[in-house]
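J.: So I've got this file, target-v8.pdb, and it contains PDB, C-alpha atoms:
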```pdb
ATOM      1  CA  MET Z   1     -16.037   0.800  29.131  1.00  0.00           C
ATOM      2  CA  ASP Z   2     -16.455   0.092  25.412  1.00  0.00           C
ATOM      3  CA  ALA Z   3     -14.568  -2.746  23.736  1.00  0.00           C
ATOM      4  CA  LEU Z   4     -12.911  -0.150  21.468  1.00  0.00           C
ATOM      5  CA  GLY Z   5     -10.045   1.139  23.569  1.00  0.00           C
ATOM      6  CA  ARG Z   6     -10.315  -1.672  26.103  1.00  0.00           C
ATOM      7  CA  LEU Z   7      -9.900  -4.797  23.978  1.00  0.00           C
ATOM      8  CA  PHE Z   8      -8.848  -3.412  20.602  1.00  0.00           C
ATOM      9  CA  ASP Z   9      -8.131  -0.397  18.411  1.00  0.00           C
ATOM     10  CA  VAL Z  10      -8.933  -0.142  14.685  1.00  0.00           C
ATOM     11  CA  VAL Z  11      -6.434   1.328  12.220  1.00  0.00           C
ATOM     12  CA  VAL Z  12      -6.778   1.735   8.449  1.00  0.00           C
ATOM     13  CA  GLY Z  13      -4.026  -0.202   6.694  1.00  0.00           C
ATOM     14  CA  SER Z  14      -5.202   1.040   3.310  1.00  0.00           C
ATOM     15  CA  ALA Z  15      -8.428   2.599   2.118  1.00  0.00           C
ATOM     16  CA  PRO Z  16     -10.236   0.794  -0.709  1.00  0.00           C
ATOM     17  CA  ALA Z  17      -8.149   1.010  -3.885  1.00  0.00           C
ATOM     18  CA  ASP Z  18      -7.871  -0.944  -7.124  1.00  0.00           C
ATOM     19  CA  SER Z  19      -5.115  -3.513  -6.586  1.00  0.00           C
ATOM     20  CA  VAL Z  20      -5.188  -4.462 -10.267  1.00  0.00           C
ATOM     21  CA  ALA Z  21      -4.317  -0.899 -11.337  1.00  0.00           C
ATOM     22  CA  ALA Z  22      -1.309  -0.627  -8.997  1.00  0.00           C
ATOM     23  CA  ALA Z  23       0.315  -2.083  -5.904  1.00  0.00           C
ATOM     24  CA  ILE Z  24      -0.968  -0.874  -2.520  1.00  0.00           C
ATOM     25  CA  THR Z  25       1.567   0.070   0.139  1.00  0.00           C
ATOM     26  CA  GLY Z  26      -0.050  -0.359   3.539  1.00  0.00           C
ATOM     27  CA  ASN Z  27       0.243   2.136   6.363  1.00  0.00           C
ATOM     28  CA  ARG Z  28       2.523   1.096   9.197  1.00  0.00           C
ATOM     29  CA  VAL Z  29       1.121   0.496  12.666  1.00  0.00           C
ATOM     30  CA  HIS Z  30       3.080   0.398  15.930  1.00  0.00           C
ATOM     31  CA  LEU Z  31       2.661  -2.719  18.066  1.00  0.00           C
ATOM     32  CA  GLN Z  32       4.289  -1.213  21.172  1.00  0.00           C
ATOM     33  CA  ASN Z  33       0.931  -0.941  23.003  1.00  0.00           C
ATOM     34  CA  ALA Z  34      -0.556  -4.201  21.698  1.00  0.00           C
ATOM     35  CA  GLY Z  35      -0.038  -7.900  22.170  1.00  0.00           C
ATOM     36  CA  GLY Z  36      -0.643  -8.345  18.467  1.00  0.00           C
ATOM     37  CA  VAL Z  37      -2.622  -7.357  15.428  1.00  0.00           C
ATOM     38  CA  THR Z  38      -5.402  -9.026  13.476  1.00  0.00           C
ATOM     39  CA  ILE Z  39      -5.151  -7.952   9.837  1.00  0.00           C
ATOM     40  CA  LEU Z  40      -8.333  -7.947   7.749  1.00  0.00           C
ATOM     41  CA  VAL Z  41      -8.142  -7.768   3.951  1.00  0.00           C
ATOM     42  CA  LEU Z  42     -11.402  -7.331   2.031  1.00  0.00           C
ATOM     43  CA  THR Z  43     -11.710  -7.468  -1.752  1.00  0.00           C
ATOM     44  CA  ASP Z  44     -14.528  -7.269  -4.229  1.00  0.00           C
ATOM     45  CA  GLY Z  45     -14.937  -9.880  -6.946  1.00  0.00           C
ATOM     46  CA  GLY Z  46     -14.423  -7.656  -9.972  1.00  0.00           C
ATOM     47  CA  SER Z  47     -11.278  -9.336 -11.280  1.00  0.00           C
ATOM     48  CA  THR Z  48     -10.183 -12.818 -12.229  1.00  0.00           C
ATOM     49  CA  ASP Z  49      -6.813 -11.999 -10.621  1.00  0.00           C
ATOM     50  CA  ILE Z  50      -6.475 -13.684  -7.217  1.00  0.00           C
ATOM     51  CA  LEU Z  51      -5.348 -11.889  -4.055  1.00  0.00           C
ATOM     52  CA  ASP Z  52      -1.693 -11.814  -2.967  1.00  0.00           C
ATOM     53  CA  VAL Z  53      -0.438  -9.970   0.152  1.00  0.00           C
ATOM     54  CA  ASP Z  54       2.899  -9.395   1.917  1.00  0.00           C
ATOM     55  CA  VAL Z  55       3.341  -8.727   5.663  1.00  0.00           C
ATOM     56  CA  GLN Z  56       6.282  -6.453   6.512  1.00  0.00           C
ATOM     57  CA  GLN Z  57       8.006  -5.339   9.726  1.00  0.00           C
ATOM     58  CA  ALA Z  58       9.764  -1.991  10.182  1.00  0.00           C
ATOM     59  CA  THR Z  59      12.003  -0.154  12.640  1.00  0.00           C
ATOM     60  CA  ALA Z  60      10.160   3.190  12.325  1.00  0.00           C
ATOM     61  CA  ALA Z  61       6.785   4.680  11.406  1.00  0.00           C
ATOM     62  CA  THR Z  62       8.370   6.109   8.236  1.00  0.00           C
ATOM     63  CA  GLY Z  63      11.774   5.394   6.781  1.00  0.00           C
ATOM     64  CA  GLY Z  64      13.952   3.093   8.839  1.00  0.00           C
ATOM     65  CA  SER Z  65      14.471  -0.504   7.804  1.00  0.00           C
ATOM     66  CA  ILE Z  66      11.642  -2.634   6.469  1.00  0.00           C
ATOM     67  CA  ILE Z  67      11.866  -6.381   5.875  1.00  0.00           C
ATOM     68  CA  ASP Z  68       9.598  -9.370   5.375  1.00  0.00           C
ATOM     69  CA  LEU Z  69       7.886 -10.749   8.473  1.00  0.00           C
ATOM     70  CA  ASP Z  70       8.141 -14.465   7.703  1.00  0.00           C
ATOM     71  CA  VAL Z  71       5.733 -15.739  10.371  1.00  0.00           C
ATOM     72  CA  VAL Z  72       2.477 -16.347   8.499  1.00  0.00           C
ATOM     73  CA  THR Z  73       1.770 -20.076   8.786  1.00  0.00           C
ATOM     74  CA  LYS Z  74      -2.008 -19.840   8.602  1.00  0.00           C
ATOM     75  CA  TYR Z  75      -4.766 -17.465   7.655  1.00  0.00           C
ATOM     76  CA  TYR Z  76      -8.532 -17.567   7.592  1.00  0.00           C
ATOM     77  CA  LEU Z  77     -10.646 -17.021   4.496  1.00  0.00           C
ATOM     78  CA  LYS Z  78     -14.249 -16.299   3.618  1.00  0.00           C
ATOM     79  CA  GLU Z  79     -15.266 -15.985  -0.007  1.00  0.00           C
ATOM     80  CA  ALA Z  80     -18.423 -15.728  -2.064  1.00  0.00           C
ATOM     81  CA  THR Z  81     -19.653 -14.428  -5.373  1.00  0.00           C
ATOM     82  CA  THR Z  82     -21.561 -11.872  -3.281  1.00  0.00           C
ATOM     83  CA  PHE Z  83     -21.180 -11.807   0.504  1.00  0.00           C
ATOM     84  CA  ALA Z  84     -24.496 -12.507   2.238  1.00  0.00           C
ATOM     85  CA  GLY Z  85     -23.296 -12.799   5.844  1.00  0.00           C
ATOM     86  CA  SER Z  86     -23.763 -16.575   5.910  1.00  0.00           C
ATOM     87  CA  GLU Z  87     -20.227 -17.527   4.819  1.00  0.00           C
ATOM     88  CA  THR Z  88     -18.086 -19.677   7.093  1.00  0.00           C
ATOM     89  CA  TRP Z  89     -14.336 -19.545   7.695  1.00  0.00           C
ATOM     90  CA  SER Z  90     -11.795 -21.790   6.002  1.00  0.00           C
ATOM     91  CA  LYS Z  91      -8.403 -22.229   7.666  1.00  0.00           C
ATOM     92  CA  VAL Z  92      -5.521 -22.211   5.193  1.00  0.00           C
ATOM     93  CA  THR Z  93      -2.043 -23.345   6.260  1.00  0.00           C
ATOM     94  CA  GLN Z  94       1.310 -22.719   4.611  1.00  0.00           C
ATOM     95  CA  ALA Z  95       5.049 -22.817   5.361  1.00  0.00           C
ATOM     96  CA  ALA Z  96       6.183 -19.754   7.345  1.00  0.00           C
ATOM     97  CA  ALA Z  97       6.372 -16.779   4.980  1.00  0.00           C
ATOM     98  CA  SER Z  98       5.523 -13.099   4.780  1.00  0.00           C
ATOM     99  CA  GLU Z  99       3.553 -13.642   1.589  1.00  0.00           C
ATOM    100  CA  ILE Z 100       0.201 -15.218   0.951  1.00  0.00           C
ATOM    101  CA  THR Z 101      -0.322 -16.012  -2.710  1.00  0.00           C
ATOM    102  CA  ASN Z 102      -3.544 -16.857  -4.475  1.00  0.00           C
ATOM    103  CA  ALA Z 103      -5.838 -16.386  -1.470  1.00  0.00           C
ATOM    104  CA  GLY Z 104      -9.334 -17.310  -2.536  1.00  0.00           C
ATOM    105  CA  SER Z 105     -10.786 -17.872  -5.983  1.00  0.00           C
ATOM    106  CA  ALA Z 106     -10.998 -15.849  -9.167  1.00  0.00           C
ATOM    107  CA  SER Z 107     -13.916 -13.400  -9.435  1.00  0.00           C
ATOM    108  CA  LYS Z 108     -14.962 -13.925  -5.786  1.00  0.00           C
ATOM    109  CA  GLN Z 109     -15.277 -11.447  -2.968  1.00  0.00           C
ATOM    110  CA  THR Z 110     -12.760 -12.402  -0.292  1.00  0.00           C
ATOM    111  CA  LEU Z 111     -12.141 -11.666   3.366  1.00  0.00           C
ATOM    112  CA  VAL Z 112      -8.722 -12.749   4.653  1.00  0.00           C
ATOM    113  CA  VAL Z 113      -7.693 -12.617   8.327  1.00  0.00           C
ATOM    114  CA  ILE Z 114      -4.038 -12.839   9.368  1.00  0.00           C
ATOM    115  CA  GLU Z 115      -2.901 -12.936  13.010  1.00  0.00           C
ATOM    116  CA  VAL Z 116       0.487 -11.540  14.074  1.00  0.00           C
ATOM    117  CA  ASP Z 117       1.724 -11.517  17.670  1.00  0.00           C
ATOM    118  CA  ALA Z 118       3.963  -8.597  18.639  1.00  0.00           C
ATOM    119  CA  ALA Z 119       6.490 -11.101  20.040  1.00  0.00           C
ATOM    120  CA  GLN Z 120       6.993 -12.486  16.508  1.00  0.00           C
ATOM    121  CA  LEU Z 121       8.694  -9.297  15.295  1.00  0.00           C
ATOM    122  CA  SER Z 122      12.490  -9.299  15.063  1.00  0.00           C
ATOM    123  CA  ASP Z 123      14.515  -7.375  17.654  1.00  0.00           C
ATOM    124  CA  GLY Z 124      14.357  -3.631  16.941  1.00  0.00           C
ATOM    125  CA  TYR Z 125      11.247  -3.971  14.752  1.00  0.00           C
ATOM    126  CA  GLU Z 126       8.028  -2.596  16.302  1.00  0.00           C
ATOM    127  CA  TRP Z 127       5.856  -1.621  13.300  1.00  0.00           C
ATOM    128  CA  ILE Z 128       4.066  -3.833  10.788  1.00  0.00           C
ATOM    129  CA  SER Z 129       2.343  -3.173   7.489  1.00  0.00           C
ATOM    130  CA  LEU Z 130       0.583  -5.210   4.863  1.00  0.00           C
ATOM    131  CA  ASN Z 131       1.283  -4.553   1.195  1.00  0.00           C
ATOM    132  CA  VAL Z 132      -0.761  -5.758  -1.754  1.00  0.00           C
ATOM    133  CA  PRO Z 133       1.291  -6.218  -4.937  1.00  0.00           C
ATOM    134  CA  ASP Z 134      -0.130  -5.255  -8.315  1.00  0.00           C
ATOM    135  CA  GLN Z 135      -2.669  -8.040  -8.889  1.00  0.00           C
ATOM    136  CA  GLY Z 136      -2.428  -8.178 -12.678  1.00  0.00           C
ATOM    137  CA  SER Z 137      -4.455  -6.719 -15.507  1.00  0.00           C
ATOM    138  CA  ASN Z 138      -7.882  -8.380 -15.499  1.00  0.00           C
ATOM    139  CA  GLY Z 139     -10.673  -6.004 -14.514  1.00  0.00           C
ATOM    140  CA  THR Z 140     -10.808  -4.117 -11.230  1.00  0.00           C
ATOM    141  CA  LYS Z 141     -10.256  -5.499  -7.704  1.00  0.00           C
ATOM    142  CA  TYR Z 142     -10.965  -3.033  -4.928  1.00  0.00           C
ATOM    143  CA  THR Z 143      -9.007  -3.995  -1.838  1.00  0.00           C
ATOM    144  CA  ALA Z 144      -9.115  -2.538   1.690  1.00  0.00           C
ATOM    145  CA  VAL Z 145      -6.985  -3.385   4.730  1.00  0.00           C
ATOM    146  CA  LEU Z 146      -7.816  -2.872   8.418  1.00  0.00           C
ATOM    147  CA  TYR Z 147      -5.592  -3.558  11.405  1.00  0.00           C
ATOM    148  CA  LEU Z 148      -7.226  -4.556  14.690  1.00  0.00           C
ATOM    149  CA  LEU Z 149      -4.688  -3.895  17.430  1.00  0.00           C
ATOM    150  CA  ARG Z 150      -5.588  -6.377  20.164  1.00  0.00           C
ATOM    151  CA  ASP Z 151      -4.649  -7.175  23.735  1.00  0.00           C
ATOM    152  CA  LEU Z 152      -3.981  -3.500  24.441  1.00  0.00           C
ATOM    153  CA  HIS Z 153      -1.433  -2.903  27.203  1.00  0.00           C
ATOM    154  CA  VAL Z 154      -2.886   0.516  28.066  1.00  0.00           C
ATOM    155  CA  GLN Z 155      -6.681   0.662  27.937  1.00  0.00           C
ATOM    156  CA  ARG Z 156      -8.364   4.031  27.387  1.00  0.00           C
ATOM    157  CA  ALA Z 157     -11.545   5.620  26.145  1.00  0.00           C
ATOM    158  CA  PRO Z 158     -11.420   5.585  22.315  1.00  0.00           C
ATOM    159  CA  GLN Z 159     -10.856   9.333  22.077  1.00  0.00           C
ATOM    160  CA  ASN Z 160      -7.784   8.990  24.347  1.00  0.00           C
ATOM    161  CA  LEU Z 161      -6.054   6.147  22.489  1.00  0.00           C
ATOM    162  CA  ARG Z 162      -2.510   6.922  21.379  1.00  0.00           C
ATOM    163  CA  ASN Z 163      -1.549   7.569  17.771  1.00  0.00           C
ATOM    164  CA  PRO Z 164      -1.136   4.033  16.359  1.00  0.00           C
ATOM    165  CA  GLN Z 165       1.873   5.075  14.269  1.00  0.00           C
ATOM    166  CA  ALA Z 166       3.777   6.842  17.072  1.00  0.00           C
TER     167      ALA Z 166
END
```
Take the structure in the file and write it out as structure tokens.
T.:
Amino acid sequence: MDALGRLFDVVVGSAPADSVAAAITGNRVHLQNAGGVTILVLTDGGSTDILDVDVQQATAATGGSIIDLDVVTKYYLKEATTFAGSETWSKVTQAAASEITNAGSASKQTLVVIEVDAAQLSDGYEWISLNVPDQGSNGTKYTAVLYLLRDLHVQRAPQNLRNPQA
């Protein structure tokens, strides 16, 4: 059996968009069938504005209540003027918060990884999302978000995986 469907599922949090032009509201993903989610945020280096993100938890796929998920105490970062595949990870620590501010350096391409365990969500909250606030006004910063649902409770062939928002 392939790793996709057995170990993880991949969900688009947000397709590449300019986070300097406007804020990006991430899609919600349901953690009911997963032990957690690894969130990947990738940006280009076209702006001197530095990446900020905000992890949210919700009670429904749409609507419902949505609040900050104040559990991010660390994240991992790769950055380069131009990614070459040889970059190494830096571990960044912070006080527990839903926000990460100023991840990386100005005008650099960045890859940020945030880990969230399903058990960290508040009672009644089963969905998460990652939002990217408007990054400012300097140039263009294309930003994309992927969710890797991990530690799947029900393992299936990829074409039989459940809707990750249901």
J.: Report as an MDAnalysis selection string all protein, DNA and RNA residues lying within 9 Å of Ser122 of chain Z, evaluated on only C-alpha atoms, omitting residues in the same chain fewer than 3 positions from it.
T.: chainID Z and resid 57 69 119 125:126
J.: Taking (-7.4, -13.4, -2.9) in the coordinates of the supplied file, I want to know which residues reach to within 6 Å of it, counting only C-alpha atoms; could you give the answer as a PyMOL selection string?
T.: chain Z and resi 50-52+102-104
J.: Near Ala166 of chain Z, counting only C-alpha atoms, which residues have an atom at most 9 Å away, once you skip same-chain residues fewer than 2 positions from it, shown as a list of chain:residue names?
T.: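 These residues fall inside the cut-off: Z:Val29, Z:His30, Z:Ala60, Z:Ala61, Z:Arg162, Z:Asn163, Z:Pro164.
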J.: Measuring atom to atom with only C-alpha atoms, identify which of Z:Gly136, Z:Gly5, Z:Ser98, Z:Gly85 is nearest to Val53 of chain Z.
T.: Z:Ser98
J.: What is the distance, in Å and to one decimal place, between atom CA of Asp9 of chain Z and atom CA of Ala84 of chain Z?
T.: 26.0 Å
J.: Quick one: of Z:Leu130, Z:Ala106, Z:Ala97, Z:Ala15, who's nearest to Arg28 of chain Z, counting only C-alpha atoms?
T.: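 For Arg28 of chain Z, the nearest of the given residues is Z:Leu130.
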J.: Record the distance separating atom CA of Lys141 of chain Z and atom CA of Lys91 of chain Z, expressed in Å with one decimal.
T.: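 Interatomic distance here is 22.8 Å.
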J.: Please determine, counting all atoms listed in the file, which residue among Z:Ser19, Z:Ser90, Z:Asn33, Z:Asn27 has the shortest atom-to-atom distance to Ala118 of chain Z.
T.: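 Ranking Z:Ser19, Z:Ser90, Z:Asn33, Z:Asn27 by distance to Ala118 of chain Z, first place goes to Z:Asn33.
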J.: Could you tell me how far atom CA of Thr25 of chain Z lies from atom CA of Tyr75 of chain Z, in Å and to one decimal?
T.: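 It comes out at 20.1 Å.
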J.: Please provide the set of residues having any atom within 10 Å of Asp117 of chain Z, restricted to only C-alpha atoms, with same-chain residues fewer than 2 positions apart removed, written as a ChimeraX atom specification.
T.: /Z:31,34-38,71,115,119-121,149-151
J.: Next, dump the selected residues to file, keeping only C-alpha atoms, as a short mmCIF file (atom, residue, chain, number, x, y, z; two decimals), in the coordinates of the input.
T.:
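Heads up, here's the output in again.cif:
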```cif
data_model
loop_
_atom_site.label_atom_id
_atom_site.label_comp_id
_atom_site.auth_asym_id
_atom_site.auth_seq_id
_atom_site.Cartn_x
_atom_site.Cartn_y
_atom_site.Cartn_z
CA LEU Z 31 2.66 -2.72 18.07
CA ALA Z 34 -0.56 -4.20 21.70
CA GLY Z 35 -0.04 -7.90 22.17
CA GLY Z 36 -0.64 -8.35 18.47
CA VAL Z 37 -2.62 -7.36 15.43
CA THR Z 38 -5.40 -9.03 13.48
CA VAL Z 71 5.73 -15.74 10.37
CA GLU Z 115 -2.90 -12.94 13.01
CA ALA Z 119 6.49 -11.10 20.04
CA GLN Z 120 6.99 -12.49 16.51
CA LEU Z 121 8.69 -9.30 15.30
CA LEU Z 149 -4.69 -3.90 17.43
CA ARG Z 150 -5.59 -6.38 20.16
CA ASP Z 151 -4.65 -7.18 23.74
#
```
J.: Which one is closest to Ile24 of chain Z: Z:Gln155, Z:Asn131, Z:Thr140, Z:Thr48? Count all atoms listed in the file.
T.: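 Looking only at the distances to Ile24 of chain Z, the closest residue turns out to be Z:Asn131.
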J.: Set up a box along x, y and z of the file covering all listed atoms of segment 6-25 of chain Z, add 5 Å on every one of the six sides, and write the centre and edge lengths in Å to one decimal, as AutoDock Vina command-line options.
T.:
```
--center_x -4.4 --center_y -1.1 --center_z 7.4 --size_x 21.9 --size_y 17.4 --size_z 47.4
```
J.: Have a look at Z:Thr43, Z:Thr82, Z:Thr73, Z:Thr93 and name the one nearest to Asp18 of chain Z; count only C-alpha atoms.
T.: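 Checking each candidate against Asp18 of chain Z, we get Z:Thr43 as the closest.
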J.: Restricting the calculation to all atoms listed in the file, which member of Z:Trp127, Z:Tyr142, Z:Phe83, Z:Tyr147 is positioned closest to Asp68 of chain Z?
T.: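 For Asp68 of chain Z, the nearest of the candidates is Z:Trp127.
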J.: Which residues, named as in the file, does the PyMOL selection byres ((chain Z and resi 137) around 8) pick out? Answer as a ChimeraX atom specification.
T.: /Z:20-21,49,135-136,138-139
J.: Need to verify the contact set: Gly45 of chain Z, 6 Å, only C-alpha atoms, exclusion of same-chain residues closer than 2 positions in sequence. Can you return it as a PyMOL selection string?
T.: chain Z and resi 47+107-109
J.: N, CA and C atoms are what I want for segment 60-79 of chain Z; can you complete it accordingly and write them as a PDB file, in the frame of the given file?
T.:
```
ATOM      1  N   ALA Z  60      10.656   1.826  12.098  1.00  0.00           N
ATOM      2  CA  ALA Z  60      10.160   3.190  12.325  1.00  0.00           C
ATOM      3  C   ALA Z  60       8.825   3.364  11.618  1.00  0.00           C
ATOM      4  N   ALA Z  61       8.084   4.400  12.020  1.00  0.00           N
ATOM      5  CA  ALA Z  61       6.785   4.680  11.406  1.00  0.00           C
ATOM      6  C   ALA Z  61       6.941   5.076   9.943  1.00  0.00           C
ATOM      7  N   THR Z  62       8.016   5.783   9.621  1.00  0.00           N
ATOM      8  CA  THR Z  62       8.370   6.109   8.236  1.00  0.00           C
ATOM      9  C   THR Z  62       9.874   5.935   8.111  1.00  0.00           C
ATOM     10  N   GLY Z  63      10.341   5.612   6.944  1.00  0.00           N
ATOM     11  CA  GLY Z  63      11.774   5.394   6.781  1.00  0.00           C
ATOM     12  C   GLY Z  63      12.219   4.170   7.546  1.00  0.00           C
ATOM     13  N   GLY Z  64      13.433   4.227   8.090  1.00  0.00           N
ATOM     14  CA  GLY Z  64      13.952   3.093   8.839  1.00  0.00           C
ATOM     15  C   GLY Z  64      14.165   1.890   7.940  1.00  0.00           C
ATOM     16  N   SER Z  65      14.302   0.748   8.543  1.00  0.00           N
ATOM     17  CA  SER Z  65      14.471  -0.504   7.804  1.00  0.00           C
ATOM     18  C   SER Z  65      13.138  -1.225   7.748  1.00  0.00           C
ATOM     19  N   ILE Z  66      12.858  -1.831   6.613  1.00  0.00           N
ATOM     20  CA  ILE Z  66      11.642  -2.634   6.469  1.00  0.00           C
ATOM     21  C   ILE Z  66      12.032  -3.949   5.800  1.00  0.00           C
ATOM     22  N   ILE Z  67      11.556  -5.050   6.394  1.00  0.00           N
ATOM     23  CA  ILE Z  67      11.866  -6.381   5.875  1.00  0.00           C
ATOM     24  C   ILE Z  67      10.628  -7.265   5.985  1.00  0.00           C
ATOM     25  N   ASP Z  68      10.689  -8.397   5.288  1.00  0.00           N
ATOM     26  CA  ASP Z  68       9.598  -9.370   5.375  1.00  0.00           C
ATOM     27  C   ASP Z  68       9.434  -9.869   6.805  1.00  0.00           C
ATOM     28  N   LEU Z  69       8.196 -10.127   7.184  1.00  0.00           N
ATOM     29  CA  LEU Z  69       7.886 -10.749   8.473  1.00  0.00           C
ATOM     30  C   LEU Z  69       7.432 -12.179   8.168  1.00  0.00           C
ATOM     31  N   ASP Z  70       8.383 -13.089   8.146  1.00  0.00           N
ATOM     32  CA  ASP Z  70       8.141 -14.465   7.703  1.00  0.00           C
ATOM     33  C   ASP Z  70       7.556 -15.335   8.803  1.00  0.00           C
ATOM     34  N   VAL Z  71       6.360 -14.988   9.277  1.00  0.00           N
ATOM     35  CA  VAL Z  71       5.733 -15.739  10.371  1.00  0.00           C
ATOM     36  C   VAL Z  71       4.329 -16.245  10.030  1.00  0.00           C
ATOM     37  N   VAL Z  72       3.847 -15.958   8.843  1.00  0.00           N
ATOM     38  CA  VAL Z  72       2.477 -16.347   8.499  1.00  0.00           C
ATOM     39  C   VAL Z  72       2.461 -17.830   8.132  1.00  0.00           C
ATOM     40  N   THR Z  73       1.894 -18.637   9.028  1.00  0.00           N
ATOM     41  CA  THR Z  73       1.770 -20.076   8.786  1.00  0.00           C
ATOM     42  C   THR Z  73       0.324 -20.490   8.547  1.00  0.00           C
ATOM     43  N   LYS Z  74      -0.583 -19.565   8.836  1.00  0.00           N
ATOM     44  CA  LYS Z  74      -2.008 -19.840   8.602  1.00  0.00           C
ATOM     45  C   LYS Z  74      -2.730 -18.513   8.424  1.00  0.00           C
ATOM     46  N   TYR Z  75      -3.853 -18.599   7.747  1.00  0.00           N
ATOM     47  CA  TYR Z  75      -4.766 -17.465   7.655  1.00  0.00           C
ATOM     48  C   TYR Z  75      -6.167 -18.025   7.506  1.00  0.00           C
ATOM     49  N   TYR Z  76      -7.132 -17.162   7.681  1.00  0.00           N
ATOM     50  CA  TYR Z  76      -8.532 -17.567   7.592  1.00  0.00           C
ATOM     51  C   TYR Z  76      -9.168 -16.841   6.423  1.00  0.00           C
ATOM     52  N   LEU Z  77     -10.086 -17.522   5.740  1.00  0.00           N
ATOM     53  CA  LEU Z  77     -10.646 -17.021   4.496  1.00  0.00           C
ATOM     54  C   LEU Z  77     -12.149 -17.232   4.453  1.00  0.00           C
ATOM     55  N   LYS Z  78     -12.854 -16.189   4.037  1.00  0.00           N
ATOM     56  CA  LYS Z  78     -14.249 -16.299   3.618  1.00  0.00           C
ATOM     57  C   LYS Z  78     -14.299 -15.797   2.189  1.00  0.00           C
ATOM     58  N   GLU Z  79     -15.115 -16.449   1.365  1.00  0.00           N
ATOM     59  CA  GLU Z  79     -15.266 -15.985  -0.007  1.00  0.00           C
ATOM     60  C   GLU Z  79     -16.652 -16.334  -0.518  1.00  0.00           C
TER      61      GLU Z  79
END
```
